[in-house]
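Novice: File target.cif below, mmCIF, C-alpha atoms:
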```cif
data_query
#
loop_
_atom_site.label_atom_id
_atom_site.label_comp_id
_atom_site.auth_asym_id
_atom_site.auth_seq_id
_atom_site.Cartn_x
_atom_site.Cartn_y
_atom_site.Cartn_z
CA MET A 1 175.30 94.18 80.93
CA LYS A 2 175.32 94.63 84.72
CA LYS A 3 175.00 98.42 84.48
CA GLY A 4 172.08 98.10 82.09
CA ILE A 5 170.29 95.62 84.33
CA LEU A 6 170.84 97.81 87.37
CA CYS A 7 169.23 100.80 85.66
CA CYS A 8 166.31 98.72 84.40
CA LEU A 9 165.72 97.06 87.76
CA LEU A 10 165.68 100.41 89.56
CA ILE A 11 163.07 101.67 87.11
CA TYR A 12 161.09 98.44 87.53
CA CYS A 13 161.11 98.69 91.32
CA MET A 14 160.02 102.30 91.16
CA PHE A 15 156.99 101.48 89.06
CA ILE A 16 155.83 98.40 90.94
CA SER A 17 155.86 100.18 94.30
CA GLN A 18 153.79 103.21 93.37
CA MET A 19 150.23 103.68 94.44
CA SER A 20 147.90 105.85 92.38
CA LEU A 21 149.42 109.29 92.60
CA ALA A 22 146.60 111.69 91.74
CA CYS A 23 143.01 110.49 91.73
CA THR A 24 139.53 111.99 91.90
CA ILE A 25 137.09 109.98 94.02
CA LEU A 26 133.54 110.84 95.01
CA SER A 27 130.39 109.45 96.55
CA CYS A 28 126.89 110.81 96.22
CA ALA A 29 123.34 109.88 97.22
CA MET A 30 120.00 111.42 96.22
CA HIS A 31 116.39 110.29 95.70
CA GLY A 32 117.13 106.75 96.86
CA GLU A 33 120.18 106.35 94.61
CA ALA A 34 123.74 105.77 95.88
CA TYR A 35 126.84 106.02 93.72
CA ALA A 36 130.59 106.24 93.90
CA ALA A 37 132.96 107.18 91.08
CA ALA A 38 136.69 107.49 90.58
CA ASN A 39 139.45 108.35 88.15
CA GLU A 40 142.56 106.26 88.76
CA ASP A 41 145.53 108.42 87.77
CA ASP A 42 148.96 106.82 87.66
CA TYR A 43 152.09 106.23 85.59
CA THR A 44 151.56 102.47 85.28
CA PRO A 45 149.09 100.89 82.82
CA PHE A 46 148.47 97.13 82.37
CA ILE A 47 145.64 97.26 84.92
CA ARG A 48 144.31 94.01 86.38
CA ILE A 49 140.79 93.20 87.52
CA TRP A 50 140.07 90.20 89.72
CA PHE A 51 136.85 88.64 91.01
CA ASN A 52 136.87 86.97 94.42
CA PRO A 53 133.81 84.78 95.17
CA ALA A 54 132.56 84.68 98.74
CA SER A 55 134.07 82.16 101.14
CA LYS A 56 133.33 81.22 104.74
CA GLU A 57 135.71 83.96 105.88
CA ARG A 58 135.11 86.67 103.28
CA TYR A 59 132.40 88.44 101.31
CA GLY A 60 132.69 88.35 97.54
CA SER A 61 134.39 91.30 95.87
CA VAL A 62 135.90 92.74 92.73
CA CYS A 63 139.27 94.50 92.82
CA PHE A 64 141.26 96.69 90.45
CA GLY A 65 144.99 97.29 90.62
CA ALA A 66 148.35 97.58 88.88
CA PRO A 67 150.51 94.54 88.01
CA ASP A 68 151.82 94.31 91.57
CA LEU A 69 148.23 93.44 92.56
CA GLN A 70 148.02 96.00 95.31
CA ILE A 71 144.34 96.89 95.40
CA ALA A 72 143.69 100.41 94.19
CA THR A 73 139.89 100.25 94.39
CA ALA A 74 137.33 97.57 95.20
CA MET A 75 133.66 96.88 95.95
CA ASN A 76 132.10 93.92 97.73
CA GLU A 77 128.87 92.08 96.99
CA TYR A 78 126.94 94.32 99.42
CA GLY A 79 127.98 97.57 97.73
CA LEU A 80 130.71 98.62 100.18
CA PHE A 81 133.35 100.46 98.14
CA TYR A 82 136.72 102.04 98.79
CA ASP A 83 139.41 103.92 96.89
CA TYR A 84 142.63 105.76 97.79
CA THR A 85 144.26 109.09 96.99
CA ALA A 86 147.93 109.79 97.59
CA GLN A 87 148.66 112.52 100.15
CA TYR A 88 151.77 114.64 100.51
CA SER A 89 151.14 116.57 103.73
CA ILE A 90 149.95 113.86 106.12
CA ASP A 91 152.66 112.62 108.48
CA ALA A 92 151.65 109.31 110.05
CA ALA A 93 154.64 109.44 112.42
CA LYS A 94 153.15 112.27 114.47
CA TYR A 95 150.10 110.23 115.51
CA GLN A 96 150.09 107.90 118.49
CA LEU A 97 148.51 104.76 117.07
CA LYS A 98 147.53 102.13 119.61
CA ASN A 99 146.44 99.32 117.29
CA PRO A 100 148.24 99.60 113.93
CA TYR A 101 146.98 97.13 111.35
CA ASN A 102 149.92 95.48 109.61
CA GLY A 103 148.21 94.36 106.45
CA ASP A 104 145.76 95.40 103.76
CA LEU A 105 143.25 96.98 106.12
CA PHE A 106 140.58 98.10 103.68
CA PHE A 107 140.51 94.82 101.80
CA GLU A 108 139.96 93.21 105.19
CA ILE A 109 137.15 95.68 105.81
CA ILE A 110 135.23 94.91 102.61
CA SER A 111 135.79 91.22 103.31
CA LYS A 112 134.10 91.47 106.71
CA CYS A 113 131.81 94.54 106.60
CA LYS A 114 128.66 95.43 104.68
CA THR A 115 128.29 99.14 105.51
CA VAL A 116 130.26 102.24 106.42
CA ASP A 117 129.01 101.98 110.01
CA GLU A 118 130.32 98.42 110.28
CA ALA A 119 133.63 99.58 108.81
CA LEU A 120 133.91 102.40 111.34
CA ALA A 121 133.26 99.91 114.15
CA PHE A 122 136.07 97.74 112.73
CA LEU A 123 138.35 100.78 112.66
CA GLU A 124 137.79 101.37 116.37
CA LYS A 125 139.97 98.31 116.96
CA HIS A 126 142.37 98.64 114.02
CA ASP A 127 144.32 101.80 113.15
CA TYR A 128 145.04 102.79 109.57
CA THR A 129 148.76 103.59 109.31
CA ALA A 130 149.42 104.61 105.69
CA THR A 131 149.71 108.20 104.46
CA SER A 132 147.08 107.80 101.75
CA GLN A 133 143.49 108.99 102.19
CA VAL A 134 140.56 106.61 101.66
CA LEU A 135 136.94 107.17 100.71
CA LEU A 136 134.53 104.45 101.86
CA ALA A 137 130.94 104.43 100.60
CA ASP A 138 128.02 102.02 100.84
CA ALA A 139 124.62 101.21 99.36
CA THR A 140 122.77 103.17 102.07
CA GLY A 141 124.30 106.38 100.72
CA ALA A 142 126.71 106.84 103.60
CA SER A 143 130.37 107.63 103.05
CA VAL A 144 133.44 108.66 105.04
CA VAL A 145 136.91 109.92 104.15
CA ILE A 146 139.65 108.46 106.34
CA HIS A 147 143.33 109.07 106.87
CA VAL A 148 145.67 108.33 109.76
CA GLY A 149 144.41 111.35 111.70
CA ALA A 150 140.80 111.80 110.60
CA LYS A 151 137.44 110.21 109.90
CA VAL A 152 135.12 112.70 108.15
CA LYS A 153 131.59 111.53 107.39
CA LYS A 154 129.55 112.78 104.46
CA THR A 155 126.90 115.26 105.63
CA GLY A 156 125.34 116.41 102.36
CA ILE A 157 124.51 114.67 99.11
CA TYR A 158 128.16 114.23 98.07
CA GLN A 159 131.71 113.84 99.31
CA ILE A 160 134.92 114.26 97.30
CA ASN A 161 138.43 112.95 97.93
CA THR A 162 141.40 114.27 95.94
CA ASN A 163 145.04 114.89 96.84
CA PHE A 164 144.80 117.14 99.87
CA ASP A 165 143.89 116.63 103.52
CA ILE A 166 140.12 116.30 103.90
CA LEU A 167 140.36 118.39 107.08
CA ASN A 168 141.18 121.43 104.91
CA VAL A 169 137.82 121.41 103.12
CA PRO A 170 135.91 123.63 105.64
CA THR A 171 138.57 126.36 105.50
CA HIS A 172 139.16 126.04 101.74
CA ASN A 173 142.85 125.77 102.51
CA TYR A 174 143.66 123.75 99.41
CA SER A 175 144.36 124.11 95.72
CA CYS A 176 142.90 121.40 93.51
CA GLY A 177 141.13 122.14 90.25
CA ARG A 178 139.77 118.59 90.01
CA TYR A 179 138.08 118.94 93.41
CA ASP A 180 136.57 122.30 92.38
CA ILE A 181 135.19 120.93 89.10
CA ALA A 182 133.63 117.90 90.78
CA GLU A 183 132.13 120.06 93.54
CA ARG A 184 130.67 122.55 91.06
CA MET A 185 128.96 119.79 89.09
CA LEU A 186 127.71 117.88 92.14
CA SER A 187 126.45 120.95 93.98
CA SER A 188 124.09 121.80 91.12
CA ALA A 189 122.86 118.24 90.53
CA LYS A 190 119.11 117.64 90.57
CA SER A 191 119.41 113.89 90.06
CA LEU A 192 122.09 111.22 89.79
CA SER A 193 122.87 108.86 86.93
CA VAL A 194 125.73 106.95 85.39
CA PRO A 195 126.06 109.42 82.45
CA PHE A 196 126.20 112.36 84.85
CA LEU A 197 128.98 110.79 86.93
CA ARG A 198 130.80 109.73 83.77
CA ASP A 199 130.77 113.39 82.71
CA ILE A 200 132.34 114.42 86.02
CA LEU A 201 135.09 111.87 85.49
CA ASN A 202 135.62 113.13 81.97
CA GLU A 203 135.94 116.71 83.19
CA THR A 204 138.47 115.76 85.87
CA HIS A 205 140.62 113.21 84.00
CA GLN A 206 144.32 113.71 83.36
CA GLU A 207 146.52 113.05 80.33
CA GLY A 208 150.27 112.80 79.80
CA ALA A 209 152.84 110.69 81.66
CA LEU A 210 150.64 110.85 84.76
CA SER A 211 147.41 109.78 83.14
CA THR A 212 143.95 108.54 84.03
CA GLN A 213 144.46 104.82 83.48
CA TYR A 214 140.83 103.88 84.04
CA SER A 215 137.61 105.32 85.47
CA ASN A 216 134.78 103.62 87.31
CA VAL A 217 131.20 104.50 88.19
CA TYR A 218 129.75 102.29 90.94
CA ASP A 219 126.01 101.82 91.32
CA LEU A 220 126.21 100.76 94.95
CA LYS A 221 122.59 99.70 95.34
CA ARG A 222 122.44 97.52 92.24
CA GLY A 223 125.97 96.16 92.49
CA LYS A 224 126.94 97.34 89.02
CA ILE A 225 130.16 98.96 87.85
CA TYR A 226 130.73 100.95 84.65
CA VAL A 227 134.39 100.98 83.62
CA TYR A 228 136.19 103.23 81.11
CA LEU A 229 139.76 102.60 79.96
CA PHE A 230 142.44 105.28 79.58
CA HIS A 231 140.11 108.28 79.77
CA ASN A 232 138.09 107.13 76.76
CA TYR A 233 134.48 107.62 77.86
CA SER A 234 132.86 106.42 74.63
CA HIS A 235 133.40 102.73 75.44
CA VAL A 236 132.15 101.12 78.65
CA TYR A 237 132.65 97.71 80.24
CA GLU A 238 129.62 96.98 82.43
CA ILE A 239 129.99 94.63 85.38
CA ASP A 240 127.09 93.02 87.22
CA LEU A 241 129.03 91.90 90.27
CA LYS A 242 126.73 89.12 91.48
CA LYS A 243 126.67 87.52 88.03
CA GLU A 244 130.45 87.75 87.68
CA LEU A 245 131.12 86.31 91.12
CA ALA A 246 128.93 83.33 90.28
CA LYS A 247 131.45 82.44 87.54
CA GLY A 248 134.24 81.89 90.07
CA TYR A 249 137.63 83.48 90.67
CA ARG A 250 139.21 85.25 87.70
CA LEU A 251 142.25 87.48 87.22
CA GLU A 252 142.05 89.40 83.96
CA MET A 253 143.61 92.26 82.03
CA LEU A 254 141.22 95.18 82.11
CA ALA A 255 142.24 96.26 78.59
CA ASP A 256 140.96 92.93 77.19
CA HIS A 257 137.41 94.19 77.74
CA PHE A 258 137.87 97.15 75.35
CA PRO A 259 138.49 97.69 71.65
CA VAL A 260 142.08 98.47 70.64
CA SER A 261 142.89 102.15 71.02
CA PHE A 262 145.82 103.81 69.25
CA ALA A 263 146.32 106.25 72.15
CA TYR A 264 146.44 103.47 74.73
CA GLN A 265 148.70 101.25 72.61
CA SER A 266 151.14 104.12 72.08
CA TYR A 267 151.20 104.81 75.80
CA VAL A 268 151.83 101.22 76.92
CA GLN A 269 154.49 100.52 74.28
CA SER A 270 156.71 103.21 75.77
CA HIS A 271 156.39 101.85 79.31
CA PRO A 272 159.32 99.97 80.99
CA LEU A 273 157.06 97.00 81.72
CA TYR A 274 155.91 96.58 78.11
CA ARG A 275 158.19 93.68 77.19
CA LYS A 276 157.36 91.78 80.37
CA GLU A 277 153.65 92.35 79.76
CA THR A 278 154.03 91.11 76.18
CA ILE A 279 155.42 87.84 77.53
CA MET A 280 152.57 87.64 80.06
CA SER A 281 150.13 88.06 77.16
CA GLU A 282 151.85 85.17 75.40
CA ILE A 283 151.43 83.08 78.55
CA ARG A 284 147.70 83.78 78.62
CA LYS A 285 147.34 82.74 74.98
CA LYS A 286 149.69 79.75 74.80
CA GLY A 287 149.90 78.54 78.39
CA VAL A 288 152.44 79.14 81.12
CA SER A 289 154.46 75.94 80.80
CA THR A 290 154.82 76.14 77.01
CA THR A 291 155.81 79.79 77.06
CA VAL A 292 158.26 79.56 79.95
CA THR A 293 159.90 76.47 78.43
CA LYS A 294 160.41 78.43 75.20
CA TYR A 295 162.15 81.31 76.95
CA ILE A 296 164.29 79.03 79.12
CA SER A 297 165.49 77.36 75.93
CA GLU A 298 166.27 80.77 74.48
CA LEU A 299 168.32 81.63 77.57
CA ASN A 300 170.17 78.34 77.59
CA ASN A 301 171.06 78.57 73.90
CA SER A 302 172.34 82.15 74.10
CA ASN A 303 175.98 83.16 74.36
CA THR A 304 176.57 84.53 77.88
CA THR A 305 178.40 87.55 76.51
CA LYS A 306 175.51 88.37 74.20
CA VAL A 307 172.54 87.87 76.51
CA ASP A 308 169.81 90.43 75.89
CA SER A 309 169.77 92.29 79.22
CA ALA A 310 166.28 93.70 78.57
CA LEU A 311 164.95 90.20 77.96
CA VAL A 312 166.67 88.91 81.09
CA LEU A 313 165.06 91.63 83.19
CA SER A 314 161.68 91.01 81.59
CA LEU A 315 161.91 87.29 82.36
CA LEU A 316 162.76 88.04 85.98
CA GLU A 317 159.70 90.29 86.11
CA VAL A 318 157.63 87.49 84.55
CA GLY A 319 158.80 85.03 87.22
CA ILE A 320 157.83 87.43 89.98
CA GLN A 321 154.47 88.16 88.31
CA LEU A 322 153.67 84.45 88.14
CA ILE A 323 154.23 84.17 91.90
CA LYS A 324 152.05 87.21 92.54
CA ASP A 325 149.27 85.89 90.31
CA ALA A 326 149.29 82.47 91.96
CA ASN A 327 149.29 84.02 95.43
CA ASN A 328 146.35 86.23 94.50
CA GLN A 329 144.18 83.26 93.61
CA HIS A 330 145.15 81.11 96.59
CA THR A 331 144.70 83.88 99.18
CA ASN A 332 141.21 84.98 98.09
CA GLY A 333 142.35 88.03 96.13
CA GLN A 334 144.95 89.47 98.48
CA MET A 335 148.18 91.09 97.39
CA TRP A 336 151.43 89.17 97.94
CA GLU A 337 152.13 90.30 101.48
CA TYR A 338 155.58 88.69 101.59
CA TRP A 339 156.68 90.94 98.72
CA PHE A 340 155.75 93.98 100.80
CA SER A 341 157.41 92.55 103.95
CA LEU A 342 154.10 92.44 105.84
CA PRO A 343 153.86 90.13 108.88
CA ASN A 344 151.25 87.76 107.46
CA GLY A 345 153.40 87.27 104.37
CA TYR A 346 155.74 85.01 106.33
CA TYR A 347 152.97 82.50 106.97
CA VAL A 348 153.23 80.80 103.59
CA LYS A 349 150.28 78.85 102.25
CA GLN A 350 151.19 75.60 100.50
CA TYR A 351 149.45 74.81 97.23
CA ASP A 352 150.04 73.18 93.86
CA ASP A 353 150.02 75.65 90.99
CA GLU A 354 151.61 75.47 87.54
CA ARG A 355 152.60 79.13 87.80
CA ILE A 356 154.78 78.44 90.85
CA HIS A 357 156.43 75.45 89.11
CA SER A 358 157.13 77.55 86.01
CA ALA A 359 158.38 80.51 88.05
CA SER A 360 160.85 78.22 89.84
CA GLN A 361 162.14 76.80 86.54
CA LEU A 362 162.54 80.26 85.09
CA LEU A 363 164.33 81.60 88.16
CA VAL A 364 166.77 78.66 88.12
CA ALA A 365 167.58 79.41 84.46
CA LEU A 366 168.17 83.07 85.30
CA LEU A 367 170.27 82.19 88.32
CA ASN A 368 172.54 79.98 86.22
CA LYS A 369 172.74 82.25 83.22
CA ALA A 370 172.04 85.89 83.75
CA TRP A 371 173.94 87.68 86.47
CA ASN A 372 177.51 87.92 87.74
CA ASP A 373 176.46 90.37 90.46
CA VAL A 374 176.02 88.39 93.68
CA LYS A 375 173.26 90.68 95.03
CA TYR A 376 171.03 89.95 92.05
CA LYS A 377 171.77 86.25 92.25
CA ASN A 378 170.82 86.32 95.93
CA PHE A 379 167.58 88.13 95.13
CA ILE A 380 166.71 85.34 92.68
CA LEU A 381 167.72 82.80 95.32
CA GLU A 382 165.27 84.41 97.75
CA MET A 383 162.44 84.15 95.21
CA LEU A 384 163.32 80.49 94.71
CA ALA A 385 163.27 79.91 98.47
CA TYR A 386 159.77 81.37 98.67
CA CYS A 387 158.61 79.06 95.87
CA ASP A 388 160.12 76.14 97.80
CA MET A 389 158.01 77.10 100.80
CA VAL A 390 154.85 77.19 98.68
CA GLU A 391 155.72 73.79 97.19
CA SER A 392 156.19 72.19 100.62
CA LYS A 393 159.97 71.94 100.41
CA PRO A 394 160.95 73.71 103.65
CA SER A 395 164.34 72.01 103.99
CA VAL A 396 165.40 73.32 100.57
CA ALA A 397 164.01 76.76 101.40
CA ILE A 398 165.86 76.87 104.72
CA GLU A 399 169.14 76.05 103.01
CA ARG A 400 168.63 78.87 100.53
CA TYR A 401 167.53 81.40 103.17
CA GLN A 402 170.52 80.53 105.37
CA LYS A 403 172.89 81.37 102.52
CA LEU A 404 171.25 84.77 102.24
CA ILE A 405 171.98 85.89 105.81
CA VAL A 406 175.67 84.92 105.96
CA ASP A 407 176.90 88.32 104.74
CA PRO A 408 174.53 91.33 104.66
CA SER A 409 176.86 93.15 102.25
CA GLN A 410 176.12 90.48 99.62
CA THR A 411 172.35 90.95 99.58
CA PHE A 412 169.89 93.78 99.08
CA PRO A 413 168.57 94.93 102.49
CA VAL A 414 165.01 93.79 101.73
CA THR A 415 166.25 90.31 100.78
CA TYR A 416 168.39 90.07 103.89
CA ASN A 417 165.60 91.23 106.21
CA ARG A 418 162.94 88.99 104.69
CA SER A 419 165.28 85.99 104.80
CA ARG A 420 166.06 86.52 108.48
CA GLU A 421 162.39 86.95 109.33
CA MET A 422 161.36 83.88 107.35
CA LEU A 423 163.97 81.74 109.09
CA SER A 424 162.83 82.96 112.48
CA ARG A 425 159.22 82.05 111.62
CA ILE A 426 160.18 78.60 110.33
CA LYS A 427 162.06 77.80 113.55
CA ARG A 428 159.19 78.77 115.85
#
```
Please render this file's structure as structure tokens.

Specialist:
Amino acid sequence: MKKGILCCLLIYCMFISQMSLACTILSCAMHGEAYAAANEDDYTPFIRIWFNPASKERYGSVCFGAPDLQIATAMNEYGLFYDYTAQYSIDAAKYQLKNPYNGDLFFEIISKCKTVDEALAFLEKHDYTATSQVLLADATGASVVIHVGAKVKKTGIYQINTNFDILNVPTHNYSCGRYDIAERMLSSAKSLSVPFLRDILNETHQEGALSTQYSNVYDLKRGKIYVYLFHNYSHVYEIDLKKELAKGYRLEMLADHFPVSFAYQSYVQSHPLYRKETIMSEIRKKGVSTTVTKYISELNNSNTTKVDSALVLSLLEVGIQLIKDANNQHTNGQMWEYWFSLPNGYYVKQYDDERIHSASQLLVALLNKAWNDVKYKNFILEMLAYCDMVESKPSVAIERYQKLIVDPSQTFPVTYNRSREMLSRIKR
């Protein structure tokens, strides 16, 4: 059982940590219109969409991302948009960064800025440190492509961002068929429209293991988004952002807005996260407490020597997902920064949420039943300690975290490091 769990967990960790690997992103403006569009190409389906109403500290926004709730692309209520492409030749270590931003910089930007110019002013005080490349665009028609060593503004009617350094565009020192197709179509455009941009996305989409999971066309002036699932451009989900934000915060499955597709169903059923996502679907239909209680009973009634290792892993993934989902709502749409070992993640917000209660119950059942390997038990113990912090039980959390730093050889490095850092923050 242990060997099987180890293999599954390594696969799980690989998938949850990946950003979109090969995307096509563009902005364009002409005749008073301003658009952005993007294909999100990745190995991981089960895409989430979440709406974040405005607060005193933040503008309203809509975000798209994988189950880990890292934001892949987003737009705020004023039409400021961003999206990333992975880069393989940009080395952040060679740049001398004076003010590195240790958090989700571009989500912070759309939370505080209305235009590209305001974003660039923000970036004068905060350095982007990741190796990905970002396209920012706004309702005025302005856009800029940014990476750790460059800020390149749009000078013509369009700007394109794919998987090579934007600084190589003037010399044509790149090889990217998707960039060439998008440029050919945009350079001959006489007008702009949603169907035209949809056609560009269709021409540049990818299929196979690395596939276009979803595609978006953003009407930046009108605050509308046209979404297509799994490179099927015959069905569209139209979002009027102001109307959706007026309904309050929501975290949804993007696929729920589309008719069932055989191609998409076949793709997701072969994915390592499918069983976990099936349980999450059951939670959405039947409620978190009812569903988690059912699976805890199943664990408790099983023979230890016959425990379904795939189910055990899936339930651990479910527990972690419940924490991520709760955090997303109670931090105005942010990713779970503790999970990614970011500094602000150690300042834990206390709140009452059924998902945290259920996650704790599930983790306790897994701790008592599932693993003989002490490192996995300590990982579960760390997740429980975090839940204790959220539920205003610091003394219990401290006791758990202290157990995790006694012997580094008995914990995964990330668990050990996060536990030490959390204890140091608690004692300040």

Novice: Measuring between all atoms listed in the file, which one of A:Ile426, A:Ala365, A:Leu322, A:Ala142 shows the shortest distance to Lys393 (chain A)?

Specialist: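 Closest to Lys393 (chain A) of all the choices is A:Ile426.
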
Novice: A:Ala246, A:Val288, A:Val62, A:Val312: which is nearest Tyr82 (chain A), counting only C-alpha atoms?

Specialist: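 Between A:Ala246, A:Val288, A:Val62, A:Val312, the residue approaching Tyr82 (chain A) most closely is A:Val62.
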
Novice: For CA of Ala38 (chain A) and CA of Leu120 (chain A), determine how far apart the two atoms are, in Å to one decimal place.

Specialist: 21.6 Å

Novice: With all atoms listed in the file as the atoms that count, which of A:Ala209, A:Ala139, A:Val116, A:Leu299 lies nearest to Lys153 (chain A)?

Specialist: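 Ranking A:Ala209, A:Ala139, A:Val116, A:Leu299 by distance to Lys153 (chain A), first place goes to A:Val116.
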
Novice: Here's the selection I'm unsure about, the PyMOL selection byres ((chain A and resi 194-203) around 9); applied to the file above, which residues does it give, as a list in words?

Specialist: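 Residues picked by the PyMOL selection byres ((chain A and resi 194-203) around 9): Thr24, Ile25, Tyr35, Ala36, Ala37, Ala38, Asn39, Arg178, Ile181, Ala182, Met185, Leu186, Ala189, Ser191, Leu192, Ser193, Thr204, His205, Gln206, Ser215, Asn216, Val217, Tyr218, Asp219, Tyr226, Tyr228, His231, Asn232 and Tyr233 of chain A.
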
Novice: Show me, as an mmCIF file with C-alpha atoms, in the frame of the given file, the residues that have an atom within 7 Å of region 157-161 of chain A when counting only C-alpha atoms, minus same-chain residues fewer than 2 positions from it.

Specialist:
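Contents of the output file out-v7.cif:
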```
data_model
loop_
_atom_site.group_PDB
_atom_site.id
_atom_site.type_symbol
_atom_site.label_atom_id
_atom_site.label_comp_id
_atom_site.auth_asym_id
_atom_site.auth_seq_id
_atom_site.Cartn_x
_atom_site.Cartn_y
_atom_site.Cartn_z
ATOM 1 C CA THR A 24 139.530 111.990 91.900
ATOM 2 C CA ILE A 25 137.090 109.980 94.020
ATOM 3 C CA LEU A 26 133.540 110.840 95.010
ATOM 4 C CA SER A 27 130.390 109.450 96.550
ATOM 5 C CA CYS A 28 126.890 110.810 96.220
ATOM 6 C CA ALA A 29 123.340 109.880 97.220
ATOM 7 C CA MET A 30 120.000 111.420 96.220
ATOM 8 C CA LEU A 135 136.940 107.170 100.710
ATOM 9 C CA LYS A 154 129.550 112.780 104.460
ATOM 10 C CA THR A 155 126.900 115.260 105.630
ATOM 11 C CA ASN A 163 145.040 114.890 96.840
ATOM 12 C CA TYR A 179 138.080 118.940 93.410
ATOM 13 C CA LEU A 186 127.710 117.880 92.140
#
```

Novice: CA of Val227 (chain A) to CA of Gly60 (chain A): how many Å, to one decimal?

Specialist: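 Distance between the two atoms: 18.9 Å.
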
Novice: Pick out the closest residue to Tyr274 (chain A) from this set: A:Phe340, A:Gln87, A:Leu313, A:Arg250. Count only C-alpha atoms.

Specialist: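 The answer is A:Leu313, which sits nearest to Tyr274 (chain A).
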
Novice: I'd like to see the residues matched by the PyMOL selection byres ((chain A and resi 367) around 9) on this file, and ideally I'd get them as a list of chain:residue names.

Specialist: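 Evaluating the PyMOL selection byres ((chain A and resi 367) around 9) on these coordinates yields A:Leu362, A:Leu363, A:Val364, A:Ala365, A:Leu366, A:Asn368, A:Lys369, A:Ala370, A:Trp371, A:Tyr376, A:Lys377, A:Asn378, A:Ile380, A:Leu381.
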
Novice: Taking the file above as input, evaluate the PyMOL selection byres ((chain A and resi 342-350) around 8) and report the hits as JSON, numbers by chain.

Specialist: {"A": [102, 103, 330, 336, 337, 338, 339, 340, 341, 351, 352, 389, 390, 391, 392, 421, 422, 425]}

Novice: Rank A:Asn372, A:Gln334, A:Asn76, A:Cys23 by their smallest atom-to-atom distance to Cys176 (chain A), using only C-alpha atoms, and report the top residue only.

Specialist: A:Cys23

Novice: Rounded to one decimal, what separation in Å do you get between CA of Ile71 (chain A) and CA of Met335 (chain A)?

Specialist: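 Interatomic distance, CA of Ile71 (chain A) to CA of Met335 (chain A): 7.2 Å.
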
Novice: Considering all atoms listed in the file, can you say which of A:Val374, A:Leu245, A:Ile239, A:Ile110 comes closest to Pro53 (chain A)?

Specialist: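 Result for the nearest residue to Pro53 (chain A): A:Leu245.
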
Novice: Do you know which residues are at most 8 Å from Ala130 (chain A) counting only C-alpha atoms, after dropping those on the same chain fewer than 5 positions away, and could you put them as number ranges by chain?

Specialist: A: 92, 147-148

Novice: Name the residues in contact with Ser314 (chain A) at a cut-off of 7 Å, using only C-alpha atoms, excluding same-chain residues fewer than 4 positions from it; report them as number ranges by chain.

Specialist: A: 275-276, 310, 318

Novice: Keeping only C-alpha atoms, take the residues you just selected and write them out as an mmCIF file, in the frame of the given file.

Specialist:
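Final file, out.cif:
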```
data_model
loop_
_atom_site.group_PDB
_atom_site.id
_atom_site.type_symbol
_atom_site.label_atom_id
_atom_site.label_comp_id
_atom_site.auth_asym_id
_atom_site.auth_seq_id
_atom_site.Cartn_x
_atom_site.Cartn_y
_atom_site.Cartn_z
ATOM 1 C CA ARG A 275 158.190 93.680 77.190
ATOM 2 C CA LYS A 276 157.360 91.780 80.370
ATOM 3 C CA ALA A 310 166.280 93.700 78.570
ATOM 4 C CA VAL A 318 157.630 87.490 84.550
#
```

Novice: So that I can check the surroundings of Leu423 (chain A), please list as a PyMOL selection string every protein, DNA and RNA residue that reaches within 7 Å of it, counting only C-alpha atoms and ignoring chain neighbours fewer than 3 positions away.

Specialist: chain A and resi 398+401+419-420+426-427

Novice: At a cut-off of 7 Å, using all atoms listed in the file, what residues contact Gly223 (chain A)? Leave out same-chain residues fewer than 5 positions from it and give the result as a list of chain:residue names.

Specialist: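 The contact residues come out as A:Glu77, A:Gly79, A:Asp240, A:Leu241.
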
Novice: Which protein, DNA or RNA residues are at most 12 Å from (136.4, 94.7, 114.7) in the file's coordinates when you count only C-alpha atoms, listed as an NGL selection string?

Specialist: :A and (99 or 101 or 105 or 108-109 or 111-113 or 117-127)
